[in-house]
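Undergrad: Here's a structure for you.
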Amino acid sequence: MGDTQFHVRIRQSPGRNGLLPEHRLYNQKCPVYLQADPGYYYGYVYFRQVKDKSLPRGYFQKSIVIVTRLPFVSLFTEVCALISPEFFDNGEPSIEAACHDIDQWPSPTPGETVNLPLLGTVLQAHIPSHSNKVGPVTAPGSPSEMNLSPVPPPTVLSSVHEVHMFHCFSPVISHVHLLWELVLTAEPIVVMSGSPTTCSRMVQALVSMITPLMYCSDFRPYFTIHDSEFKEYTTKAHAPPPVILGVTNPFFAKTLQHWPHIIRICDAPHISATQKHKLKKGGNLKMLDSKPGVYTYYHPFLQKDKTILKKLLKGVQMKRPGEVQSALLRRHLLELTQSFMIPLERYMASLMPLQKNISPYKAAPAPHPFNPDDFLSTLGTSGPQLTSGIKGDWVGLYRRFFRSPNFSGWFNARYREVSQKLQALQLEALSDAVSETSPTMQCGSESMGSRETGSGSCGHDIENTSQTGAKRNKRITPEQFNKRSATSSNGRYNLYSSRRSQNSTEDQLMTSFLDRTPYELGCDCQVCHQFGHFCNCWHLL
């Protein structure tokens, strides 16, 4: 009863249009985990349910949903919270006014801080970028328009995408490292709760645990029996897919009991669950349906970091602000993910070919293949133990990670980046080789300037550093050209050989060139038709 806010993620129907140009430009500069996915939409929901005996079902139920490609959970949750109450109080004119304000917003540009006016309020938010540099504040409208009406002080959002991580994980904080491994290896996970708000935020917090690595599997913050993928995700005909589902319907407690990892969250904020329950075949479903905790078959590869757990629990006793607790937990998980990924990034860099292998006369070289055994052999001297104090079976965790969609997504993205870099280096080498080549031919334009010493009689600049100026301007007749070609055994006029027959392919090719008009050869003067320039520069064509 009352008002409820949550968000969903829905798959785009096949055959529909992909990303807009603004989204593609945004994806080029934003962090990979915040990119707009061409296959999915986000829906940010504000749902109101109140008793009304005048209605057939006895309740008034209506939702306001903002649909977008952008995973800005915090920003659009706040936007929806501003628009929806106005709509329920004043009707459709509030929606029209909100759409007019949103239409004035600038396109999302990573690195900029934007002011977003909405229904008399201004939201200020920073769009993250690769460099994490804070850019200038961007506000819609011209300066003259902004000066005509007073602007209220902005409501500053700490983040456009982050959720309160500690608030989400506080019921299962002792298992945070176990959950990190499950998300890292893209294991199937079900989050069960009595509230869409709780389960959607928990799913979003799980996905953000491995930042800055992108979670490459599917995840549904709020999943219902009416979703089109219901049969696909609940069938027992095959193993559960690598997806994270957030559900509230008790029907899923029985339908998804075969899933290997289930997180049961209690909606009461004062109740915390620190006991881990392991599922067994034929387990008590009533216990699963009632008791909160983490139910899993999984045996973690790494030990817990008791230092961060003690720090967080001490913060609870000292009534430390939740934002500070979330920042501590997020920083710890970020460092843990970076410690895991640094050896992979270092090994990927070693797959780049050497600079000497890049030649303008060959195709761009391809990166060396990724060999898991070669990588694992480097962990003894340059493994994650150098940057993380957590002990455990890192090799086993890497092997499991190699079989996950997260590794495939990361490796494919890095392979494309390396291939593009190699192609750019090969084009650069080719450009340098062309610029160092001395013979050039420029002909066919009367706007090339006045005639200069050493140029042809038509005024076109033809350079050949291997020949003197006198030889470059020397003309011969076609008869002299044919005679030289037949008798000379050395030199640049040796286009024929006495051993070739008169009807050879080379003879036919030469005859076809001699029969062309000067316009076909790229020169617009009749003087060149006397073979003064053409014969002198034949080796360049």
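Each chain in the structure tokens gets a letter, A, B and so on, in the order shown; residues start at 1 in every chain, and ligands are counted from 1 in the order they appear.
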Would you list the contacts of Val45 of chain A as a VMD selection string, taking every protein, DNA or RNA residue within 7 Å and counting only C-alpha atoms, but skipping same-chain residues closer than 4 positions in sequence?
TA: chain A and resid 5 to 7 63 to 66
Undergrad: Would you write out those residues with all heavy atoms, as a short mmCIF file (atom, residue, chain, number, x, y, z; two decimals), in the first residue's frame?
TA:
data_model
loop_
_atom_site.label_atom_id
_atom_site.label_comp_id
_atom_site.auth_asym_id
_atom_site.auth_seq_id
_atom_site.Cartn_x
_atom_site.Cartn_y
_atom_site.Cartn_z
N GLN A 5 8.79 2.76 -5.28
CA GLN A 5 9.68 3.05 -6.40
C GLN A 5 10.65 1.89 -6.61
O GLN A 5 11.20 1.33 -5.65
CB GLN A 5 10.48 4.34 -6.14
CG GLN A 5 9.72 5.60 -6.48
CD GLN A 5 10.63 6.81 -6.51
OE1 GLN A 5 10.79 7.51 -5.52
NE2 GLN A 5 11.23 7.04 -7.68
N PHE A 6 10.85 1.54 -7.87
CA PHE A 6 11.81 0.50 -8.23
C PHE A 6 12.15 0.69 -9.70
O PHE A 6 11.64 1.62 -10.36
CB PHE A 6 11.22 -0.89 -7.97
CG PHE A 6 9.92 -1.17 -8.69
CD1 PHE A 6 9.91 -1.81 -9.93
CD2 PHE A 6 8.70 -0.80 -8.12
CE1 PHE A 6 8.72 -2.06 -10.59
CE2 PHE A 6 7.50 -1.05 -8.79
CZ PHE A 6 7.52 -1.68 -10.02
N HIS A 7 13.03 -0.14 -10.21
CA HIS A 7 13.37 -0.05 -11.63
C HIS A 7 13.46 -1.46 -12.21
O HIS A 7 13.68 -2.45 -11.49
CB HIS A 7 14.69 0.71 -11.85
CG HIS A 7 15.91 0.02 -11.31
ND1 HIS A 7 16.25 0.00 -9.97
CD2 HIS A 7 16.89 -0.67 -11.95
CE1 HIS A 7 17.36 -0.65 -9.80
NE2 HIS A 7 17.79 -1.09 -10.99
N SER A 63 0.86 3.53 -12.32
CA SER A 63 2.33 3.67 -12.31
C SER A 63 2.75 4.73 -13.32
O SER A 63 2.14 4.87 -14.39
CB SER A 63 3.02 2.35 -12.64
OG SER A 63 2.75 1.37 -11.67
N ILE A 64 3.79 5.45 -12.99
CA ILE A 64 4.49 6.34 -13.91
C ILE A 64 5.85 5.69 -14.19
O ILE A 64 6.59 5.35 -13.25
CB ILE A 64 4.69 7.74 -13.32
CG1 ILE A 64 3.34 8.36 -12.98
CG2 ILE A 64 5.46 8.62 -14.28
CD1 ILE A 64 2.45 8.59 -14.18
N VAL A 65 6.16 5.51 -15.47
CA VAL A 65 7.39 4.81 -15.85
C VAL A 65 8.19 5.68 -16.81
O VAL A 65 7.65 6.19 -17.80
CB VAL A 65 7.10 3.45 -16.52
CG1 VAL A 65 8.39 2.71 -16.82
CG2 VAL A 65 6.18 2.61 -15.65
N ILE A 66 9.46 5.88 -16.52
CA ILE A 66 10.40 6.57 -17.41
C ILE A 66 11.25 5.50 -18.08
O ILE A 66 11.95 4.74 -17.41
CB ILE A 66 11.28 7.56 -16.64
CG1 ILE A 66 10.42 8.64 -15.98
CG2 ILE A 66 12.32 8.19 -17.56
CD1 ILE A 66 11.23 9.63 -15.14
#
Undergrad: So, with only C-alpha atoms as the atoms that count, which of A:Arg220, A:Lys311, A:His177, A:His100 lies closest to Val191 of chain A?
TA: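 Comparing A:Arg220, A:Lys311, A:His177, A:His100 against Val191 of chain A, the winner is A:Arg220.
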Undergrad: Restricting the calculation to only C-alpha atoms, which member of A:Val160, A:Leu334, A:Val50, A:Leu25 is positioned closest to Ser74 of chain A?
TA: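 Once distances to Ser74 of chain A are computed over only C-alpha atoms, the minimum belongs to A:Val160.
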Undergrad: Produce a table with one row for each residue of segment 297-376 of chain A that has an atom at most 10 Å from any atom of segment 426-429 of chain A, each row naming the nearest atom pair and its distance in Å at one decimal; use only C-alpha atoms; arrange rows by chain and rising residue number; format as JSON lines.
TA:
{"residue": "A:Gln355", "atom": "CA", "partner": "A:Gln426", "partner_atom": "CA", "distance": 9.6}
{"residue": "A:Asn357", "atom": "CA", "partner": "A:Gln426", "partner_atom": "CA", "distance": 9.6}
{"residue": "A:Ile358", "atom": "CA", "partner": "A:Gln426", "partner_atom": "CA", "distance": 5.9}
{"residue": "A:Ser359", "atom": "CA", "partner": "A:Gln426", "partner_atom": "CA", "distance": 6.5}
{"residue": "A:Pro360", "atom": "CA", "partner": "A:Ala429", "partner_atom": "CA", "distance": 5.4}
{"residue": "A:Tyr361", "atom": "CA", "partner": "A:Ala429", "partner_atom": "CA", "distance": 9.2}
{"residue": "A:Lys362", "atom": "CA", "partner": "A:Gln426", "partner_atom": "CA", "distance": 8.5}
{"residue": "A:Ala363", "atom": "CA", "partner": "A:Gln426", "partner_atom": "CA", "distance": 7.6}
{"residue": "A:Ala364", "atom": "CA", "partner": "A:Gln426", "partner_atom": "CA", "distance": 5.6}
{"residue": "A:Pro365", "atom": "CA", "partner": "A:Gln426", "partner_atom": "CA", "distance": 8.3}
Undergrad: Can I get the residues of segment 167-196 of chain A within 12 Å of segment 297-302 of chain A, each with the closest pair of atoms and their distance in Å to one decimal, using only C-alpha atoms, sorted chain first then ascending number, as a Markdown table?
TA:
| residue | atom | partner | partner_atom | distance |
| --- | --- | --- | --- | --- |
| A:His175 | CA | A:Pro300 | CA | 10.1 |
| A:Val176 | CA | A:Pro300 | CA | 11.1 |
| A:His177 | CA | A:Leu302 | CA | 7.8 |
| A:Leu178 | CA | A:Pro300 | CA | 5.9 |
| A:Leu179 | CA | A:Pro300 | CA | 9.2 |
| A:Trp180 | CA | A:Pro300 | CA | 9.7 |
| A:Glu181 | CA | A:Pro300 | CA | 7.1 |
| A:Leu182 | CA | A:Tyr298 | CA | 8.3 |
| A:Val183 | CA | A:Pro300 | CA | 12.0 |
| A:Leu184 | CA | A:Pro300 | CA | 11.8 |
| A:Thr185 | CA | A:Pro300 | CA | 11.2 |
| A:Glu187 | CA | A:Tyr298 | CA | 9.6 |
| A:Pro188 | CA | A:Tyr298 | CA | 11.1 |
| A:Ile189 | CA | A:Tyr298 | CA | 11.3 |
Undergrad: Find the residue from A:Lys53, A:Lys62, A:Lys254, A:His23 that sits nearest to Asp3 of chain A; use only C-alpha atoms when measuring.
TA: A:Lys62
Undergrad: Name the residues in contact with Gln385 of chain A at a cut-off of 12 Å, using only C-alpha atoms, excluding same-chain residues fewer than 3 positions from it; report them as a list in words.
TA: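 The filter keeps Leu302, Leu336, Gln338, Ser339, Phe340, Met341, Ile342, Pro343, Thr378, Leu379, Gly380, Thr381, Ser382, Ser388, Gly389, Ile390, Lys391, Gly392, Asp393, Trp394 and Val395 of chain A.
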Undergrad: Just all heavy atoms for this one: save the residues we selected as a compact mmCIF listing (two decimals), in the first residue's frame.
TA:
# COMPACT_ATOMS: atom_id res chain seq x y z
N LEU A 302 38.33 -17.70 -2.13
CA LEU A 302 39.12 -16.77 -1.33
C LEU A 302 38.58 -16.68 0.09
O LEU A 302 37.39 -16.93 0.34
CB LEU A 302 39.09 -15.37 -1.97
CG LEU A 302 39.54 -15.27 -3.42
CD1 LEU A 302 39.48 -13.82 -3.89
CD2 LEU A 302 40.94 -15.82 -3.61
N LEU A 336 39.56 -4.75 -4.67
CA LEU A 336 39.60 -6.20 -4.85
C LEU A 336 39.46 -6.57 -6.33
O LEU A 336 40.20 -7.44 -6.84
CB LEU A 336 38.47 -6.84 -4.04
CG LEU A 336 38.35 -8.37 -4.09
CD1 LEU A 336 39.64 -9.04 -3.62
CD2 LEU A 336 37.16 -8.84 -3.25
N GLN A 338 40.19 -4.61 -8.90
CA GLN A 338 41.40 -4.16 -9.59
C GLN A 338 42.56 -5.12 -9.35
O GLN A 338 43.34 -5.40 -10.28
CB GLN A 338 41.76 -2.75 -9.13
CG GLN A 338 40.81 -1.69 -9.65
CD GLN A 338 41.16 -0.30 -9.14
OE1 GLN A 338 41.78 -0.15 -8.08
NE2 GLN A 338 40.75 0.72 -9.87
N SER A 339 42.70 -5.62 -8.14
CA SER A 339 43.76 -6.60 -7.87
C SER A 339 43.57 -7.85 -8.70
O SER A 339 44.55 -8.47 -9.13
CB SER A 339 43.76 -6.97 -6.37
OG SER A 339 44.05 -5.83 -5.58
N PHE A 340 42.33 -8.23 -8.95
CA PHE A 340 42.05 -9.41 -9.77
C PHE A 340 42.33 -9.14 -11.25
O PHE A 340 42.81 -10.03 -11.97
CB PHE A 340 40.59 -9.83 -9.57
CG PHE A 340 40.21 -11.08 -10.32
CD1 PHE A 340 40.47 -12.33 -9.80
CD2 PHE A 340 39.57 -10.99 -11.55
CE1 PHE A 340 40.12 -13.48 -10.48
CE2 PHE A 340 39.21 -12.14 -12.24
CZ PHE A 340 39.48 -13.37 -11.70
N MET A 341 42.05 -7.93 -11.72
CA MET A 341 42.13 -7.64 -13.15
C MET A 341 43.51 -7.14 -13.58
O MET A 341 43.85 -7.26 -14.77
CB MET A 341 41.09 -6.59 -13.52
CG MET A 341 39.65 -7.05 -13.36
SD MET A 341 39.27 -8.56 -14.29
CE MET A 341 39.61 -8.02 -15.96
N ILE A 342 44.31 -6.60 -12.69
CA ILE A 342 45.62 -6.06 -13.09
C ILE A 342 46.50 -7.12 -13.74
O ILE A 342 47.12 -6.86 -14.79
CB ILE A 342 46.31 -5.41 -11.88
CG1 ILE A 342 45.66 -4.05 -11.57
CG2 ILE A 342 47.81 -5.22 -12.13
CD1 ILE A 342 46.19 -3.38 -10.33
N PRO A 343 46.63 -8.34 -13.20
CA PRO A 343 47.43 -9.36 -13.91
C PRO A 343 46.89 -9.67 -15.30
O PRO A 343 47.68 -9.90 -16.23
CB PRO A 343 47.34 -10.58 -12.98
CG PRO A 343 47.05 -10.02 -11.63
CD PRO A 343 46.18 -8.84 -11.88
N THR A 378 52.22 -16.96 -14.76
CA THR A 378 52.79 -15.67 -14.33
C THR A 378 52.30 -15.22 -12.97
O THR A 378 52.81 -14.24 -12.42
CB THR A 378 52.44 -14.58 -15.36
OG1 THR A 378 51.02 -14.37 -15.37
CG2 THR A 378 52.90 -14.98 -16.75
N LEU A 379 51.30 -15.90 -12.40
CA LEU A 379 50.72 -15.45 -11.15
C LEU A 379 51.67 -15.58 -9.98
O LEU A 379 51.53 -14.88 -8.96
CB LEU A 379 49.43 -16.23 -10.86
CG LEU A 379 48.28 -16.03 -11.86
CD1 LEU A 379 47.07 -16.85 -11.43
CD2 LEU A 379 47.92 -14.56 -11.97
N GLY A 380 52.65 -16.49 -10.07
CA GLY A 380 53.58 -16.66 -8.96
C GLY A 380 54.41 -15.43 -8.69
O GLY A 380 54.76 -15.14 -7.54
N THR A 381 54.73 -14.67 -9.73
CA THR A 381 55.59 -13.49 -9.57
C THR A 381 54.82 -12.18 -9.74
O THR A 381 55.29 -11.15 -9.26
CB THR A 381 56.72 -13.52 -10.61
OG1 THR A 381 56.17 -13.64 -11.93
CG2 THR A 381 57.63 -14.73 -10.35
N SER A 382 53.68 -12.21 -10.40
CA SER A 382 52.95 -10.95 -10.64
C SER A 382 51.46 -11.17 -10.48
O SER A 382 50.66 -10.66 -11.27
CB SER A 382 53.24 -10.42 -12.05
OG SER A 382 52.89 -11.38 -13.04
N SER A 388 46.78 -7.28 -3.04
CA SER A 388 45.69 -7.62 -2.13
C SER A 388 46.20 -8.55 -1.04
O SER A 388 47.00 -9.46 -1.30
CB SER A 388 44.55 -8.30 -2.91
OG SER A 388 43.54 -8.74 -2.03
N GLY A 389 45.71 -8.31 0.17
CA GLY A 389 46.12 -9.14 1.29
C GLY A 389 45.24 -10.36 1.48
O GLY A 389 45.47 -11.16 2.40
N ILE A 390 44.24 -10.55 0.63
CA ILE A 390 43.33 -11.69 0.76
C ILE A 390 44.03 -12.94 0.24
O ILE A 390 44.59 -12.95 -0.86
CB ILE A 390 42.03 -11.43 -0.02
CG1 ILE A 390 41.31 -10.21 0.56
CG2 ILE A 390 41.13 -12.65 0.01
CD1 ILE A 390 40.01 -9.87 -0.14
N LYS A 391 43.97 -13.99 1.00
CA LYS A 391 44.58 -15.26 0.63
C LYS A 391 43.51 -16.24 0.14
O LYS A 391 42.34 -16.11 0.48
CB LYS A 391 45.34 -15.86 1.81
CG LYS A 391 46.47 -14.98 2.32
CD LYS A 391 47.18 -15.63 3.50
CE LYS A 391 48.32 -14.75 4.00
NZ LYS A 391 49.04 -15.37 5.14
N GLY A 392 43.96 -17.20 -0.64
CA GLY A 392 43.05 -18.21 -1.15
C GLY A 392 43.53 -18.78 -2.46
O GLY A 392 44.69 -18.58 -2.87
N ASP A 393 42.67 -19.51 -3.10
CA ASP A 393 42.99 -20.17 -4.36
C ASP A 393 42.69 -19.22 -5.52
O ASP A 393 41.65 -19.31 -6.18
CB ASP A 393 42.18 -21.47 -4.48
CG ASP A 393 42.54 -22.28 -5.72
OD1 ASP A 393 43.54 -21.92 -6.39
OD2 ASP A 393 41.81 -23.24 -6.04
N TRP A 394 43.61 -18.31 -5.80
CA TRP A 394 43.42 -17.35 -6.88
C TRP A 394 43.41 -18.07 -8.24
O TRP A 394 42.66 -17.69 -9.14
CB TRP A 394 44.51 -16.29 -6.85
CG TRP A 394 44.39 -15.30 -5.74
CD1 TRP A 394 45.04 -15.34 -4.55
CD2 TRP A 394 43.57 -14.13 -5.72
NE1 TRP A 394 44.68 -14.27 -3.76
CE2 TRP A 394 43.78 -13.51 -4.46
CE3 TRP A 394 42.67 -13.56 -6.60
CZ2 TRP A 394 43.14 -12.32 -4.10
CZ3 TRP A 394 42.02 -12.39 -6.24
CH2 TRP A 394 42.26 -11.79 -5.01
N VAL A 395 44.24 -19.10 -8.38
CA VAL A 395 44.30 -19.82 -9.66
C VAL A 395 42.95 -20.47 -9.97
O VAL A 395 42.45 -20.40 -11.11
CB VAL A 395 45.42 -20.87 -9.63
CG1 VAL A 395 45.39 -21.73 -10.90
CG2 VAL A 395 46.78 -20.19 -9.49
Undergrad: Write down as a VMD selection string the residues belonging to segment 110-237 of chain A that are assigned strand (DSSP E) by DSSP computed on the backbone.
TA: chain A and resid 113 to 118 121 to 126 137 to 138 155 to 156 189 to 192 218 to 220
Undergrad: May I ask which of the residues A:Gly111, A:Pro71, A:Pro241, A:Pro367 is the closest one to Tyr44 of chain A, counting only C-alpha atoms?
TA: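 For Tyr44 of chain A, the nearest of the given residues is A:Pro71.
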Undergrad: Considering only C-alpha atoms, return as a compact mmCIF listing (two decimals) with all heavy atoms, in the first residue's frame whatever protein or nucleic-acid residues lie within 12 Å of Gln325 of chain A, sequence-local ones (same chain, fewer than 6 positions apart) excluded.
TA:
# COMPACT_ATOMS: atom_id res chain seq x y z
N HIS A 164 22.86 2.91 -2.56
CA HIS A 164 23.44 2.82 -1.22
C HIS A 164 23.85 1.37 -0.97
O HIS A 164 23.05 0.54 -0.52
CB HIS A 164 22.46 3.32 -0.18
CG HIS A 164 22.17 4.78 -0.27
ND1 HIS A 164 23.12 5.74 0.01
CD2 HIS A 164 21.05 5.45 -0.64
CE1 HIS A 164 22.60 6.94 -0.16
NE2 HIS A 164 21.35 6.79 -0.56
N MET A 165 25.09 1.06 -1.26
CA MET A 165 25.56 -0.32 -1.26
C MET A 165 25.50 -0.95 0.12
O MET A 165 25.06 -2.09 0.29
CB MET A 165 26.97 -0.38 -1.83
CG MET A 165 27.54 -1.78 -1.94
SD MET A 165 29.11 -1.83 -2.82
CE MET A 165 28.57 -1.54 -4.50
N PHE A 166 25.92 -0.22 1.14
CA PHE A 166 25.94 -0.81 2.47
C PHE A 166 24.52 -1.10 2.96
O PHE A 166 24.27 -2.12 3.61
CB PHE A 166 26.65 0.12 3.45
CG PHE A 166 26.69 -0.42 4.85
CD1 PHE A 166 27.57 -1.44 5.20
CD2 PHE A 166 25.83 0.06 5.83
CE1 PHE A 166 27.60 -1.95 6.49
CE2 PHE A 166 25.85 -0.44 7.11
CZ PHE A 166 26.74 -1.45 7.44
N HIS A 167 23.58 -0.21 2.65
CA HIS A 167 22.20 -0.45 3.05
C HIS A 167 21.66 -1.73 2.40
O HIS A 167 20.90 -2.47 3.03
CB HIS A 167 21.32 0.74 2.66
CG HIS A 167 19.88 0.56 2.99
ND1 HIS A 167 19.39 0.68 4.28
CD2 HIS A 167 18.80 0.26 2.21
CE1 HIS A 167 18.08 0.45 4.27
NE2 HIS A 167 17.70 0.20 3.03
N CYS A 168 22.07 -1.98 1.17
CA CYS A 168 21.61 -3.19 0.48
C CYS A 168 22.23 -4.46 1.06
O CYS A 168 21.56 -5.48 1.22
CB CYS A 168 21.92 -3.09 -1.02
SG CYS A 168 21.07 -1.75 -1.88
N PHE A 169 23.53 -4.40 1.38
CA PHE A 169 24.25 -5.59 1.81
C PHE A 169 24.28 -5.79 3.33
O PHE A 169 24.81 -6.80 3.79
CB PHE A 169 25.69 -5.55 1.30
CG PHE A 169 25.82 -5.79 -0.17
CD1 PHE A 169 26.47 -4.89 -0.99
CD2 PHE A 169 25.28 -6.93 -0.75
CE1 PHE A 169 26.60 -5.11 -2.35
CE2 PHE A 169 25.39 -7.16 -2.11
CZ PHE A 169 26.05 -6.25 -2.92
N SER A 170 23.76 -4.85 4.06
CA SER A 170 23.84 -4.96 5.52
C SER A 170 23.23 -6.26 6.06
O SER A 170 23.76 -6.84 7.03
CB SER A 170 23.19 -3.74 6.18
OG SER A 170 21.84 -3.62 5.78
N ILE A 173 26.11 -8.86 5.17
CA ILE A 173 27.42 -8.24 5.04
C ILE A 173 28.55 -9.24 5.29
O ILE A 173 29.65 -9.10 4.72
CB ILE A 173 27.54 -7.04 6.01
CG1 ILE A 173 28.77 -6.19 5.68
CG2 ILE A 173 27.56 -7.52 7.46
CD1 ILE A 173 28.72 -5.56 4.33
N ILE A 308 38.01 -5.40 6.83
CA ILE A 308 36.93 -4.52 6.35
C ILE A 308 35.62 -4.86 7.03
O ILE A 308 34.80 -3.97 7.33
CB ILE A 308 36.81 -4.62 4.81
CG1 ILE A 308 35.78 -3.61 4.30
CG2 ILE A 308 36.43 -6.03 4.39
CD1 ILE A 308 36.16 -2.17 4.51
N LEU A 309 35.40 -6.13 7.34
CA LEU A 309 34.16 -6.51 8.02
C LEU A 309 34.11 -5.91 9.43
O LEU A 309 33.07 -5.40 9.86
CB LEU A 309 34.03 -8.03 8.08
CG LEU A 309 33.89 -8.75 6.73
CD1 LEU A 309 33.81 -10.26 6.95
CD2 LEU A 309 32.65 -8.26 5.98
N LYS A 310 35.23 -5.96 10.14
CA LYS A 310 35.28 -5.36 11.48
C LYS A 310 35.08 -3.85 11.41
O LYS A 310 34.41 -3.25 12.26
CB LYS A 310 36.61 -5.70 12.15
CG LYS A 310 36.76 -7.17 12.51
CD LYS A 310 38.11 -7.42 13.17
CE LYS A 310 38.27 -8.89 13.55
NZ LYS A 310 39.59 -9.16 14.19
N LYS A 311 35.66 -3.23 10.39
CA LYS A 311 35.53 -1.78 10.25
C LYS A 311 34.08 -1.39 10.00
O LYS A 311 33.57 -0.41 10.55
CB LYS A 311 36.43 -1.30 9.12
CG LYS A 311 36.47 0.21 8.96
CD LYS A 311 37.37 0.61 7.81
CE LYS A 311 38.81 0.21 8.08
NZ LYS A 311 39.72 0.71 7.02
N LEU A 312 33.38 -2.17 9.16
CA LEU A 312 31.99 -1.86 8.86
C LEU A 312 31.09 -2.11 10.07
O LEU A 312 30.19 -1.31 10.36
CB LEU A 312 31.52 -2.69 7.67
CG LEU A 312 32.17 -2.37 6.32
CD1 LEU A 312 31.73 -3.39 5.26
CD2 LEU A 312 31.82 -0.96 5.87
N LEU A 313 31.32 -3.21 10.78
CA LEU A 313 30.52 -3.50 11.96
C LEU A 313 30.77 -2.47 13.07
O LEU A 313 29.84 -2.09 13.80
CB LEU A 313 30.82 -4.91 12.47
CG LEU A 313 30.40 -6.06 11.54
CD1 LEU A 313 30.83 -7.40 12.12
CD2 LEU A 313 28.89 -6.03 11.31
N LYS A 314 32.00 -2.01 13.17
CA LYS A 314 32.29 -0.96 14.14
C LYS A 314 31.59 0.34 13.76
O LYS A 314 31.13 1.10 14.62
CB LYS A 314 33.79 -0.74 14.23
CG LYS A 314 34.21 0.26 15.30
CD LYS A 314 35.71 0.37 15.39
CE LYS A 314 36.11 1.37 16.49
NZ LYS A 314 37.59 1.50 16.59
N GLY A 315 31.49 0.58 12.47
CA GLY A 315 30.77 1.77 12.02
C GLY A 315 29.30 1.73 12.37
O GLY A 315 28.69 2.76 12.65
N VAL A 316 28.72 0.53 12.35
CA VAL A 316 27.32 0.39 12.75
C VAL A 316 27.16 0.72 14.22
O VAL A 316 26.21 1.42 14.63
CB VAL A 316 26.81 -1.03 12.44
CG1 VAL A 316 25.41 -1.23 12.99
CG2 VAL A 316 26.85 -1.30 10.95
N GLN A 317 28.08 0.25 15.05
CA GLN A 317 28.02 0.53 16.48
C GLN A 317 28.21 2.01 16.78
O GLN A 317 27.58 2.56 17.69
CB GLN A 317 29.07 -0.30 17.21
CG GLN A 317 28.87 -1.80 17.09
CD GLN A 317 30.02 -2.58 17.70
OE1 GLN A 317 31.00 -2.00 18.17
NE2 GLN A 317 29.90 -3.92 17.70
N MET A 318 29.07 2.66 15.99
CA MET A 318 29.33 4.09 16.18
C MET A 318 28.32 4.96 15.45
O MET A 318 28.44 6.19 15.48
CB MET A 318 30.74 4.42 15.69
CG MET A 318 31.86 3.69 16.42
SD MET A 318 33.48 4.01 15.70
CE MET A 318 33.57 5.80 15.85
N LYS A 319 27.33 4.36 14.82
CA LYS A 319 26.32 5.08 14.05
C LYS A 319 26.95 5.97 12.98
O LYS A 319 26.57 7.12 12.80
CB LYS A 319 25.44 5.90 14.99
CG LYS A 319 24.65 5.05 15.98
CD LYS A 319 23.74 5.89 16.85
CE LYS A 319 22.94 5.01 17.81
NZ LYS A 319 22.01 5.80 18.67
N ARG A 331 34.87 1.13 -1.96
CA ARG A 331 36.31 1.24 -2.18
C ARG A 331 37.01 -0.10 -2.01
O ARG A 331 37.91 -0.46 -2.79
CB ARG A 331 36.89 2.26 -1.19
CG ARG A 331 38.40 2.46 -1.27
CD ARG A 331 38.82 3.02 -2.61
NE ARG A 331 40.25 3.20 -2.68
CZ ARG A 331 40.87 4.33 -2.32
NH1 ARG A 331 40.17 5.36 -1.84
NH2 ARG A 331 42.18 4.44 -2.43
N HIS A 332 36.58 -0.87 -1.03
CA HIS A 332 37.18 -2.19 -0.82
C HIS A 332 36.91 -3.12 -2.00
O HIS A 332 37.83 -3.79 -2.49
CB HIS A 332 36.62 -2.81 0.47
CG HIS A 332 36.99 -4.24 0.65
ND1 HIS A 332 38.26 -4.65 1.02
CD2 HIS A 332 36.25 -5.39 0.51
CE1 HIS A 332 38.30 -5.96 1.10
NE2 HIS A 332 37.10 -6.43 0.79
Undergrad: Determine the nearest neighbour of Val294 of chain A from the options A:Ile263, A:Ala253, A:Leu75, A:Ala205, counting only C-alpha atoms.
TA: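 The answer is A:Ile263, which sits nearest to Val294 of chain A.
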Undergrad: Show me, as a ChimeraX atom specification, the residues that have an atom within 7 Å of segment 26-40 of chain A when counting only C-alpha atoms, minus same-chain residues fewer than 4 positions from it.
TA: /A:9-12,18-19,22,69-71,108-110,128-130,212-214
